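Below is one structure, written out as structure tokens; comments come after it.
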Amino acid sequence: MGENKFATLKFGDKEIDLPILEGAVGPDVIDVSKLYAQSGVFTYDPGFTSTASCESKITYIDGDEGILMYRGYPIDQLARESDFLEVCYLLLYGELPSKVEKDKFVKGITYHTMVHDQMRGLFNGFRRDAHPMAIMVGVVGALSAYYQDSLDIDDPHQRMVASYRLIAKMPTIAAMAYKYSVGQPFAYPRNDLGYAENFLHMAFSVPCEEYNPSPTIIRAMDRIFTLHADHEQNASTSTVRLASSSGANPFACIAAGIACLWGPAHGGANEAVLNMLNEIGTKENIPEYVARAKDKNDPFRLMGFGHRVYKNYDPRAKVMQETCHEVLAELGIDDDPLLELAIELERVALEDEYFVEKKLYPNIDFYSGITLRAMGFPESMFTVLFAVARTVGWVAQWNEMIEDPKQKIGRPRQLYTGATERTYTPMHKRAHD
């Protein structure tokens, strides 16, 4: 990045030159880090939508052009040609692995999938009807009590051990959360299965019957993980970075990310798609709800269409659409009216001039919600699966932040609009109604 260009800010009788930084791609960035020291004022940016909080080499998004790249590789190429653990390696280390490196990494993750057996008792402390995400927040945060040999964030080896443990154990914890919620015994991980297949086995196998998913279902699960692995400085990733900026241990930081992801505006979008479909009810009601979505005075909105970041087509959605239709073709949707409704809604939206003109295409949440429903997951598990996938992104971002010498503890400013200084009045002197 170069600092040979400047932006001049005029404030009162002052003129302040602010360095302009250039990234590898994307818009230039005005460096305001010394603005307060030079001028006595700071910037106001609710939601930090116009502020770069860090420098990163991991993920790049261009929402206007519909681009998402992990370490420079387009997401559609990775989703179609790679697999999730290879993508994990890429996000962590910055390059695609050789065969030897890939085999070693896969073995390292596979042999970390079991959780400490005493952790089984943690689950019994939750109510039977506890939301799986509530369980995830608590159990992942508790990992620091069981794996105290990988808490030193200044030790690169301990950081990598913690990274492997988080990526490996998250599917096990997620499957345990699901099993607990449906009253079934936990299934142990198997070292002879791949990452996605192992998770499906732990989620759906029972002692009296093994679950043997088809290659189509395994590939769909793997692609869902790949497509959700990272998404730049979103709310949960920023939460992980902010928590880790204080020096908190990695398990606490990832638990904070899971808590943020739980919000319906973030990780709950695909769950909201299913709720919307339930509200629409039948295919016959689609025209009415499409008309309502076009009415600016009607609060109803079609969930799973358009995207806050992507003003063009969500680059993940095309691959997810293909995967969704592959799963539905294999499993069938004849016995699920909700899935039939979803496919009809997709057809209508892709052909309607209003949606096409405004680029309100079905996004990844629309297709992933339908796919997960077809695979047998309840809506309460959708965000859990998002957390499993996003863990590697959080971990990669966490490692990058700790290794960045420019990073410091997060401390956003505020625009204070409350009362100015007041003198305390004792109770007996206060006016009473």
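Each chain in the structure tokens gets a letter, A, B, ..., in the order shown, and its residues are numbered from 1; ligands are numbered from 1 in order too.
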
Neighbour list for Gly183 of chain A as a list of chain:residue names, cut-off 12 Å, only C-alpha atoms, skip fewer than 4 positions in-chain: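 The filter keeps A:Phe123, A:Asn124, A:Arg127, A:Arg128, A:Asp129, A:Ala130, A:Met176, A:Ala177, A:Tyr178, A:Lys179, A:Ala203, A:Val206.
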
Skip segment 274-288 of chain A itself and residues of its chain fewer than 2 positions away, then list as a list in words all residues within 9 Å of it, counting only C-alpha atoms. Asn270, Glu271, Ala272, Val290, Ala291, Arg292, Ala293, Arg301, Leu302, Met303, Pro337, Leu338, Leu339, Glu340, Leu341, Ala342, Glu344, Leu345, Val348, Phe366, Gly369, Ile370, Arg373 and Glu379 of chain A

Write out as a CSV table (one decimal) with N, CA, C and O atoms, in the first residue's frame all residues of segment 55-163 of chain A that backbone DSSP assigns to strand (DSSP E).
```
chain,number,residue,atom,x,y,z
A,59,THR,N,-10.0,-12.1,2.7
A,59,THR,CA,-11.2,-12.2,1.9
A,59,THR,C,-11.5,-10.8,1.3
A,59,THR,O,-11.4,-9.8,1.9
A,60,TYR,N,-11.9,-10.8,0.0
A,60,TYR,CA,-12.3,-9.6,-0.7
A,60,TYR,C,-13.7,-9.7,-1.3
A,60,TYR,O,-14.1,-10.7,-1.9
A,61,ILE,N,-14.5,-8.7,-1.1
A,61,ILE,CA,-15.8,-8.6,-1.6
A,61,ILE,C,-16.0,-7.3,-2.4
A,61,ILE,O,-15.6,-6.2,-1.9
A,62,ASP,N,-16.6,-7.4,-3.5
A,62,ASP,CA,-17.1,-6.2,-4.3
A,62,ASP,C,-18.6,-6.5,-4.5
A,62,ASP,O,-19.0,-7.2,-5.4
A,67,ILE,N,-18.7,-10.0,-6.5
A,67,ILE,CA,-17.4,-10.7,-6.4
A,67,ILE,C,-17.1,-11.1,-4.9
A,67,ILE,O,-17.3,-10.3,-4.0
A,68,LEU,N,-16.8,-12.3,-4.7
A,68,LEU,CA,-16.3,-12.8,-3.4
A,68,LEU,C,-15.1,-13.7,-3.6
A,68,LEU,O,-15.2,-14.7,-4.4
A,69,MET,N,-13.9,-13.4,-3.0
A,69,MET,CA,-12.7,-14.2,-3.2
A,69,MET,C,-12.1,-14.5,-1.9
A,69,MET,O,-12.0,-13.6,-1.0
A,70,TYR,N,-11.7,-15.8,-1.7
A,70,TYR,CA,-10.9,-16.2,-0.6
A,70,TYR,C,-9.4,-16.2,-1.0
A,70,TYR,O,-9.1,-17.0,-1.9
A,73,TYR,N,-9.0,-16.3,-4.7
A,73,TYR,CA,-9.7,-17.3,-5.5
A,73,TYR,C,-11.2,-17.1,-5.5
A,73,TYR,O,-11.8,-17.0,-4.4
A,74,PRO,N,-11.8,-17.0,-6.6
A,74,PRO,CA,-13.3,-16.8,-6.7
A,74,PRO,C,-14.0,-17.9,-6.0
A,74,PRO,O,-13.7,-19.1,-6.1
```

I'd like to know which residues of segment 62-212 of chain A are helix (DSSP H, G or I) (by DSSP, run on the backbone); could you write them as a PyMOL selection string? chain A and resi 75-81+84-93+99-110+117-123+132-146+148-150+156-182+195-204

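Interatomic distance, atom CA of Ser56 of chain A to atom CA of Val29 of chain A: 13.1 Å.
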
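Counting only C-alpha atoms and comparing A:Val392, A:Met320, A:Ile402, A:Ala187, the residue that lies closest to Pro362 of chain A is A:Met320.
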
Can you build me a table of segment 34-91 of chain A residues sitting at most 10 Å from segment 14-20 of chain A, with the closest atom pair per residue and its distance in Å to one decimal, using only C-alpha atoms, sorted by chain and residue number, as a tab-separated table?
```
residue	atom	partner	partner_atom	distance
A:Lys34	CA	A:Leu18	CA	8.2
A:Leu35	CA	A:Leu18	CA	7.7
A:Gln38	CA	A:Ile16	CA	7.5
A:Ser39	CA	A:Ile16	CA	7.7
```

May I have the residues within 8 Å of Leu78 of chain A as a PyMOL selection string, using only C-alpha atoms and disregarding those fewer than 5 positions away in the same chain? chain A and resi 73+83+87+226

Nearest to Ile75 of chain A: which of A:Ala229, A:Ala419, A:Ala142, A:Ile30 is it, counting only C-alpha atoms?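 Closest to Ile75 of chain A of all the choices is A:Ala229.
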
Computed interatomic separation between atom CA of Lys5 of chain A and atom CA of Gly40 of chain A (Å): 22.7 Å

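Around Arg223 of chain A, within 9 Å and counting only C-alpha atoms, the residues found are A:Leu78, A:Ala79, A:Arg80, A:Asp83, A:Phe84, A:Ile218, A:His228, A:Val319, A:Met320, A:Thr323, once anything fewer than 5 positions away on its own chain is removed.
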